[in-house]
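K.L.:
Below you'll find the structure I mean.
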Amino acid sequence: MAEATAPKPSSSVKLVLLGEAASSLVLRFVNNDFQENKEPTIGAAFLTQKCNLPTRTIKFEIWDTAGQERFASLAPMYYRNAQSALVVYDLTKPTSLIKAKHWVAELQRQASPGIVIALVGNKLDLTNETSGSSNAIGEDGDEAAEPEDDGDARKVSTAEAKTYAEEEGLLFFETSAKNGTNVTEVFTAIANAIPETSLKGARGPGATQSNANRAEDQSRVNLTGPRDNASKEGCAC
Amino acid sequence: MESLSDTKWDVVISGTGLQNSLLALALSRSDKKILHVDQNDYYGGAEAAFSLQEVGEWVDKVQKDALQPFRNATLWKADSENPESQKLSFSRAYTLTLSPQIIYTKSELLAQLVSSKVYRQLEFQAVGNWWIFAEGSLKRLPNGREDIFQDKSIDNRAKRSLMKFLKFVVDYENQTETWEAHANDNLQNFLSSQFQFPPQLQTVIAALTLSLDPPDNTTVRWALSRIARHLTSIGVFGPGFGAVFPKWGGGAEIAQVACRAGAVGGGVYVLGTGIQDVQNAEPRPEDEATSSLSLSNGETVRTKRLIPGTKTTATSKNMTSKVIAVVSSSLNSIFMSSVEGSPLSAVSVVVFPPNTLSIEGSQLNPIYIMAHSSETGECPSSQSVLYASTSHREDSKLVLEGALSAFLKSVDDSEAQILYKLHYDQQESPDSSLDLAFDDQMLDAVEKQWKEIVGENDTASFMQFEERNSMNADDDNDDDEY
C-alpha cells in the first residue's frame, strides 16, 4: 500500500468475540467469506487482520471463545489485555440480546477497564431494511422466525438495542455477515475508538510508545531463540 | 443448556491442574471426543492463580472443606483505615499464584510449548537474579564463571576449588568416578571432603539446588543433577538467566492456555463440575468397555476412559509452608540486571540457608523467597509479590514471617511494607508438586497417558503440531502468522 512514504505506526490490538455467531462476522471481515451453517467456533487459536486507518495501522488479534463459553468456562486469560470486544446478538431473536447483555456485564467485570465494546445486531439481511435477500431463513429453527408477511424477521428493534448501547457506552451497529453490510464499518469503528494510550506497549497514560515498548521488550524472553528478541513478537512498530 | 450425556466420550479428564491440562493439549489434535471438567470454578487446580477476591473465596474453602492438598490457609491485610499506610489496589489488579514454580530454560516443557505452538499465547520472563542471605544482608549469587572471577569476596584458593567443581558438575554424568561412590551421601560432606569447600561456599552451591532440605540432608545424586541443570541452563535463551516464568501467574497461565488449545481442538470444558461416582457400565460386545460417570451437576456421562483428578488420599508426608505477601514497593534493587544484554529480571530468587535468620527458635531448613516484580503482571506497578516457602514444621509460619521481615530489612527500602499476606500449607501428592522448579517428570507422565489413549499404532509425535490453518487472509505482512 503506502510503501513510498514512511510506514504508519502499527499496533496489535486483542479483540475478543462473544455472543451469537460472532465468528461469522469475523470470517466476513477477515476472509470476506460467509458460510450458512458455520460451526460456532473458528477452530484456530486466533485470526489476525489489519485495519488501515489514516494515521495508523491496527492489527487485530481476534480471539474466539473456542466454545469455552458454553458452560461458563472461559478462562481469565481470554479477557486479559483485551482492548476490544465484539458482542454479537441475532436481531431476529430477542433472547440473544439478553445473552449479549450478559456478556457485556461479564466484560465489565472481567476485562480491562478501558475496553472498547461493540454491540452488534447481526442478520440485518433478514429484515426488510436492506436490499439484501429478505427471505433467507436463519440457520437454527427455534426462534429464528420465518420471514413475516412484510419479509421482516426482526424481533429486536434498533431503538431498543441502541438505547441500551448508549447507556452502557458501547459502539452499536447492525450488520449482515451474510451480505457484508456494515461489517468493515464495525471493525473500523473499534479501531478508531481505541485510545492511543492503551495501544500495546503503552503502560498507562503518558507513556510514549517507544519508551513503553522498550520496557516491555526488556522483560520478555523469546523461546524460539536468543536472536531477534522482540523484533517479531512485539508490536513491530 | 446443552446436555453432556448425549455424547459418548472417548476421554473424560477431571481437573485442570497443570498435568491434566497438558494432557488436554497433547490430545487436542487427536480427534478424540474429550470432556474436561473441574470441580473448582477456576482453572489450574493446585497451580491456580487468583485475584484477591478469589483468594478470599479459596481461603474459605480450604478452611471449611479441607481442599486437598491445602490446609491452614489464613489471610492478613494491612489496616486500611490507617492513612499512613499504603493501599492495596482493586482485587483484579492482582494475580497471586499458588505454585510459583520457575522453569529452567532446558526444561522439555518449554520445547513442548513451542512445538505444540501454544507458546505464542504465553509470555515468558527471566528469572535473572539469585540472592543469598548471609549475616543480615543479601549477596548476589555469581551468575556464571565470569562473575566468580570478579567476585572479590571469594579468596583465590576457594575460587580455584569452585572452578574445579563447576567444571566437574556440568559434566558430572561422565565423571562418575568422582561422585558415584558418594551418590547417596549428603551434599555437605561431599563438598567438604571432595572439593574442600569452606562452609560458606557449601551454602552457595546448595542454594542452587532449591532443596527444601538442609545440605546435610540432601543427597549427592539428586543435588548434582539440580546444580548441573542450573548451570547449563544459563544463557540458553539469552545472557544472564537460566530460568523463566510465565507472565500472569506461572503454571496457572500454562494450564489455561493448554485448556484453550483443548477447546480449539473440540474438547468441551465445564468448570464447577466434579465427578461424584464412577460405575463400570455393562460391557456390550460391540463396544469397548465404558464407564458411567455421575457428575456433580446431576448429569451422567459415558466415557471409554477417565483421567481422574486429585487423589484425596495423600501419598506423602511431605508438606511445605508457604506465604504470599504483597509489598508496597517495586523493590527495584533486587531485579536489577548484573549482566549486560540480559532481559530485565521479573523474578528473583532469594535463598536463606539453614540457620541464617536470627529468630527465636531455630531455622533448620532453608527458606526460599521468589520475588516477583510488577512486570509479571501479578500486581500494580509500584508493588511486588513475595512467595516464600519452607519445609513444614511446627514453627514454620513464624520462620517465614522472620524471613519476610529480614528480607525487607535487607533491601533497605522505607517504602516497603507488607500490605497483604496469605499463609497456607501444601501437601505433596502426584498432582501437587512442592518443587520450586518445574520437574520434567510430569511430562513423562503426560506422554505415557497420551500414548495409552492414542494407541501404539498412532504415528503422531507427542506435542508436535503444525500451525493451525488460521484462514488468514492477511498474508501480505511479514509478521508471524498465527
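Quick note on naming: the chains in the C-alpha cells go A, B, ... in the order shown, residues restart at 1 in each chain, and ligands are numbered from 1 in order of appearance.
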May I have the residues of chain B within 6 Å of chain A, counting only C-alpha atoms, written as a PDB file with N, CA, C and O atoms, in the first residue's frame?
P.N.:
```pdb
ATOM      1  N   PHE B 124       6.967 -15.210  28.382  1.00  0.00           N
ATOM      2  CA  PHE B 124       7.916 -15.683  29.380  1.00  0.00           C
ATOM      3  C   PHE B 124       8.860 -14.574  29.797  1.00  0.00           C
ATOM      4  O   PHE B 124       9.265 -13.749  28.980  1.00  0.00           O
ATOM      5  N   GLN B 125       9.205 -14.585  31.070  1.00  0.00           N
ATOM      6  CA  GLN B 125      10.105 -13.570  31.605  1.00  0.00           C
ATOM      7  C   GLN B 125      11.262 -14.242  32.329  1.00  0.00           C
ATOM      8  O   GLN B 125      11.175 -15.395  32.721  1.00  0.00           O
ATOM      9  N   PHE B 237      18.549 -18.964  26.444  1.00  0.00           N
ATOM     10  CA  PHE B 237      17.686 -18.026  25.718  1.00  0.00           C
ATOM     11  C   PHE B 237      18.179 -16.584  25.812  1.00  0.00           C
ATOM     12  O   PHE B 237      17.426 -15.661  25.545  1.00  0.00           O
ATOM     13  N   GLY B 238      19.432 -16.419  26.194  1.00  0.00           N
ATOM     14  CA  GLY B 238      19.978 -15.079  26.325  1.00  0.00           C
ATOM     15  C   GLY B 238      20.861 -15.026  27.552  1.00  0.00           C
ATOM     16  O   GLY B 238      20.818 -15.923  28.394  1.00  0.00           O
ATOM     17  N   ALA B 263      -9.828 -26.859  23.837  1.00  0.00           N
ATOM     18  CA  ALA B 263     -11.137 -26.387  23.369  1.00  0.00           C
ATOM     19  C   ALA B 263     -11.112 -26.079  21.874  1.00  0.00           C
ATOM     20  O   ALA B 263     -12.052 -26.409  21.150  1.00  0.00           O
ATOM     21  N   VAL B 264     -10.043 -25.462  21.422  1.00  0.00           N
ATOM     22  CA  VAL B 264      -9.928 -25.184  19.988  1.00  0.00           C
ATOM     23  C   VAL B 264      -9.960 -26.501  19.205  1.00  0.00           C
ATOM     24  O   VAL B 264     -10.520 -26.584  18.116  1.00  0.00           O
ATOM     25  N   TYR B 269     -15.417 -27.964  27.771  1.00  0.00           N
ATOM     26  CA  TYR B 269     -14.939 -27.548  29.090  1.00  0.00           C
ATOM     27  C   TYR B 269     -16.073 -27.186  30.009  1.00  0.00           C
ATOM     28  O   TYR B 269     -16.931 -26.381  29.659  1.00  0.00           O
ATOM     29  N   VAL B 270     -16.073 -27.794  31.188  1.00  0.00           N
ATOM     30  CA  VAL B 270     -17.089 -27.485  32.183  1.00  0.00           C
ATOM     31  C   VAL B 270     -16.400 -27.315  33.531  1.00  0.00           C
ATOM     32  O   VAL B 270     -15.856 -28.263  34.095  1.00  0.00           O
ATOM     33  N   LEU B 271     -16.425 -26.085  34.034  1.00  0.00           N
ATOM     34  CA  LEU B 271     -15.882 -25.822  35.370  1.00  0.00           C
ATOM     35  C   LEU B 271     -16.987 -25.998  36.401  1.00  0.00           C
ATOM     36  O   LEU B 271     -18.167 -26.069  36.066  1.00  0.00           O
ATOM     37  N   PRO B 343      17.803  -9.733  29.670  1.00  0.00           N
ATOM     38  CA  PRO B 343      16.493  -9.102  29.837  1.00  0.00           C
ATOM     39  C   PRO B 343      16.293  -8.683  31.279  1.00  0.00           C
ATOM     40  O   PRO B 343      16.943  -9.217  32.185  1.00  0.00           O
ATOM     41  N   LEU B 344      15.392  -7.746  31.470  1.00  0.00           N
ATOM     42  CA  LEU B 344      15.048  -7.297  32.809  1.00  0.00           C
ATOM     43  C   LEU B 344      14.514  -8.494  33.592  1.00  0.00           C
ATOM     44  O   LEU B 344      13.649  -9.216  33.112  1.00  0.00           O
ATOM     45  N   ARG B 468      -2.112 -24.238  13.168  1.00  0.00           N
ATOM     46  CA  ARG B 468      -3.474 -24.419  12.701  1.00  0.00           C
ATOM     47  C   ARG B 468      -3.698 -23.484  11.529  1.00  0.00           C
ATOM     48  O   ARG B 468      -3.252 -22.349  11.536  1.00  0.00           O
ATOM     49  N   SER B 470      -5.141 -20.839   9.931  1.00  0.00           N
ATOM     50  CA  SER B 470      -5.896 -19.792  10.600  1.00  0.00           C
ATOM     51  C   SER B 470      -6.829 -19.064   9.655  1.00  0.00           C
ATOM     52  O   SER B 470      -7.416 -18.061  10.011  1.00  0.00           O
ATOM     53  N   ALA B 473      -6.372 -14.220   5.807  1.00  0.00           N
ATOM     54  CA  ALA B 473      -6.247 -13.550   4.519  1.00  0.00           C
ATOM     55  C   ALA B 473      -5.140 -12.503   4.562  1.00  0.00           C
ATOM     56  O   ALA B 473      -4.773 -11.925   3.553  1.00  0.00           O
ATOM     57  N   ASP B 474      -4.648 -12.300   5.721  1.00  0.00           N
ATOM     58  CA  ASP B 474      -3.707 -11.202   5.951  1.00  0.00           C
ATOM     59  C   ASP B 474      -2.289 -11.682   5.682  1.00  0.00           C
ATOM     60  O   ASP B 474      -1.416 -11.579   6.508  1.00  0.00           O
TER      61      ASP B 474
END
```
K.L.:
Which polymer residues have any atom within 6 Å of an atom of Gln101 in chain B, counting only C-alpha atoms, with same-chain residues fewer than 3 positions away left out, as a list in words?
P.N.:
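My list of contacting residues is Leu436, Ala437 and Phe438 of chain B.
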K.L.:
Next, the residues of the selection above should be written as a PDB file, in the first residue's frame with N, CA, C and O atoms.
P.N.:
```pdb
ATOM      1  N   LEU B 436      10.288 -26.264  43.805  1.00  0.00           N
ATOM      2  CA  LEU B 436      10.260 -24.841  43.465  1.00  0.00           C
ATOM      3  C   LEU B 436      10.568 -24.601  41.996  1.00  0.00           C
ATOM      4  O   LEU B 436      10.412 -23.495  41.495  1.00  0.00           O
ATOM      5  N   ALA B 437      11.038 -25.656  41.324  1.00  0.00           N
ATOM      6  CA  ALA B 437      11.262 -25.563  39.881  1.00  0.00           C
ATOM      7  C   ALA B 437      10.425 -26.643  39.213  1.00  0.00           C
ATOM      8  O   ALA B 437      10.178 -27.698  39.798  1.00  0.00           O
ATOM      9  N   PHE B 438       9.980 -26.372  38.008  1.00  0.00           N
ATOM     10  CA  PHE B 438       9.168 -27.345  37.294  1.00  0.00           C
ATOM     11  C   PHE B 438       9.969 -28.625  37.076  1.00  0.00           C
ATOM     12  O   PHE B 438      11.126 -28.578  36.646  1.00  0.00           O
TER      13      PHE B 438
END
```
K.L.:
By how many Å are CA of Tyr424 in chain B and CA of Ser316 in chain B apart?
P.N.:
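Answer for the CA of Tyr424 in chain B to CA of Ser316 in chain B separation: 17.3 Å.
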K.L.:
Please indicate the distance in Å from CA of Val204 in chain B to CA of Leu191 in chain B, rounded to one decimal place.
P.N.:
11.1 Å
K.L.:
Find the residues near Asp395 in chain B: any atom within 10 Å, counting only C-alpha atoms, skip ones fewer than 2 places away on the same chain, and give them as a PyMOL selection string.
P.N.:
chain B and resi 321+360-363+392-393+397-400
K.L.:
Need the shell around Val347 in chain B: protein/DNA/RNA residues with any atom at most 6 Å away, counting only C-alpha atoms. Skip same-chain ones fewer than 4 positions apart. Format as a PyMOL selection string?
P.N.:
chain B and resi 127+371-372
K.L.:
Those residues with C-alpha atoms, as a tab-separated table (two decimals), in the first residue's frame please?
P.N.:
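Generated file (selection.tsv):
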```
chain	number	residue	atom	x	y	z
B	127	VAL	CA	14.35	-15.40	36.47
B	371	ALA	CA	10.29	-12.21	44.48
B	372	HIS	CA	8.06	-11.18	41.60
```
K.L.:
Could you go through range 25-172 of chain B and tell me which residues DSSP, when run on the backbone, assigns to helix (DSSP H, G or I), listing them as a count of residues only?
P.N.:
55
K.L.:
Please list as an mmCIF file with C-alpha atoms, in the first residue's frame every residue within 12 Å of Val349 in chain B, counting only C-alpha atoms and excluding residues in the same chain fewer than 6 positions away.
P.N.:
```cif
data_model
loop_
_atom_site.group_PDB
_atom_site.id
_atom_site.type_symbol
_atom_site.label_atom_id
_atom_site.label_comp_id
_atom_site.auth_asym_id
_atom_site.auth_seq_id
_atom_site.Cartn_x
_atom_site.Cartn_y
_atom_site.Cartn_z
ATOM 1 C CA PRO B 100 5.251 -20.075 41.617
ATOM 2 C CA GLN B 101 7.499 -22.737 40.075
ATOM 3 C CA ILE B 102 10.297 -21.425 37.926
ATOM 4 C CA ALA B 126 13.549 -14.047 33.032
ATOM 5 C CA VAL B 127 14.351 -15.400 36.470
ATOM 6 C CA GLY B 128 17.519 -13.391 36.424
ATOM 7 C CA ASN B 129 18.922 -12.768 39.867
ATOM 8 C CA TRP B 130 19.753 -15.124 42.682
ATOM 9 C CA TRP B 131 20.482 -13.739 46.109
ATOM 10 C CA ILE B 132 21.716 -15.431 49.217
ATOM 11 C CA PHE B 133 21.043 -14.108 52.680
ATOM 12 C CA LEU B 138 21.714 -10.043 50.612
ATOM 13 C CA LYS B 139 24.585 -11.124 48.431
ATOM 14 C CA ARG B 140 24.199 -11.695 44.736
ATOM 15 C CA LEU B 141 24.989 -15.245 43.679
ATOM 16 C CA ALA B 207 21.287 -22.811 47.213
ATOM 17 C CA LEU B 208 21.382 -23.668 43.519
ATOM 18 C CA THR B 209 19.591 -26.969 44.174
ATOM 19 C CA LEU B 210 16.462 -25.236 45.545
ATOM 20 C CA PHE B 241 19.428 -16.068 33.253
ATOM 21 C CA GLY B 242 18.794 -19.792 33.353
ATOM 22 C CA ALA B 243 15.114 -19.985 34.135
ATOM 23 C CA VAL B 244 11.918 -18.333 33.033
ATOM 24 C CA PHE B 245 8.477 -17.686 34.446
ATOM 25 C CA ILE B 334 16.789 -6.905 43.592
ATOM 26 C CA PHE B 335 15.596 -7.052 39.989
ATOM 27 C CA ILE B 367 13.800 -20.795 53.113
ATOM 28 C CA TYR B 368 13.238 -19.530 49.599
ATOM 29 C CA ILE B 369 11.606 -16.301 48.549
ATOM 30 C CA MET B 370 10.599 -15.954 44.918
ATOM 31 C CA ALA B 371 10.293 -12.208 44.481
ATOM 32 C CA HIS B 372 8.060 -11.184 41.596
ATOM 33 C CA SER B 373 8.175 -7.671 40.213
ATOM 34 C CA LEU B 386 6.917 -12.293 47.546
ATOM 35 C CA TYR B 387 6.362 -16.050 47.529
ATOM 36 C CA ALA B 388 8.173 -17.630 50.464
ATOM 37 C CA SER B 389 8.299 -21.312 51.229
ATOM 38 C CA PHE B 407 14.390 -9.677 53.579
ATOM 39 C CA LEU B 436 10.260 -24.841 43.465
ATOM 40 C CA ALA B 437 11.262 -25.563 39.881
#
```
K.L.:
What gap, in Å, lies between CA of His102 in chain A and CA of Asp60 in chain B?
P.N.:
27.5 Å
K.L.:
So which residues touch Pro54 in chain A within 12 Å, counting only C-alpha atoms, skipping near sequence neighbours fewer than 2 positions away, as a list in words?
P.N.:
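The residues satisfying every condition are Ala2, Pro7, Lys8, Pro9, Ser10, Cys51, Asn52, Arg56, Thr57, Ile58, Thr188, Ala191 and Asn192 of chain A.
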K.L.:
Could you name the residues that touch range 117-128 of chain A at 9 Å or less, counting only C-alpha atoms, but leaving out those on the same chain fewer than 6 positions away, as a PyMOL selection string?
P.N.:
chain A and resi 20-22+25+83-92+97+100+104+107+134-138+147+150-154+156+158+161-162+165+169-179+181+186-187+189-190
K.L.:
How would you write, as a list in words, the set of residues in range 6-49 of chain B that DSSP gives as strand (DSSP E)?
P.N.:
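DSSP-assigned strand (DSSP E) residues in range 6-49 of chain B: Lys8, Trp9, Asp10, Val11, Val12, Ile13, Ser14, Ile34, Leu35, His36, Val37, Asp38 and Ala49 of chain B.
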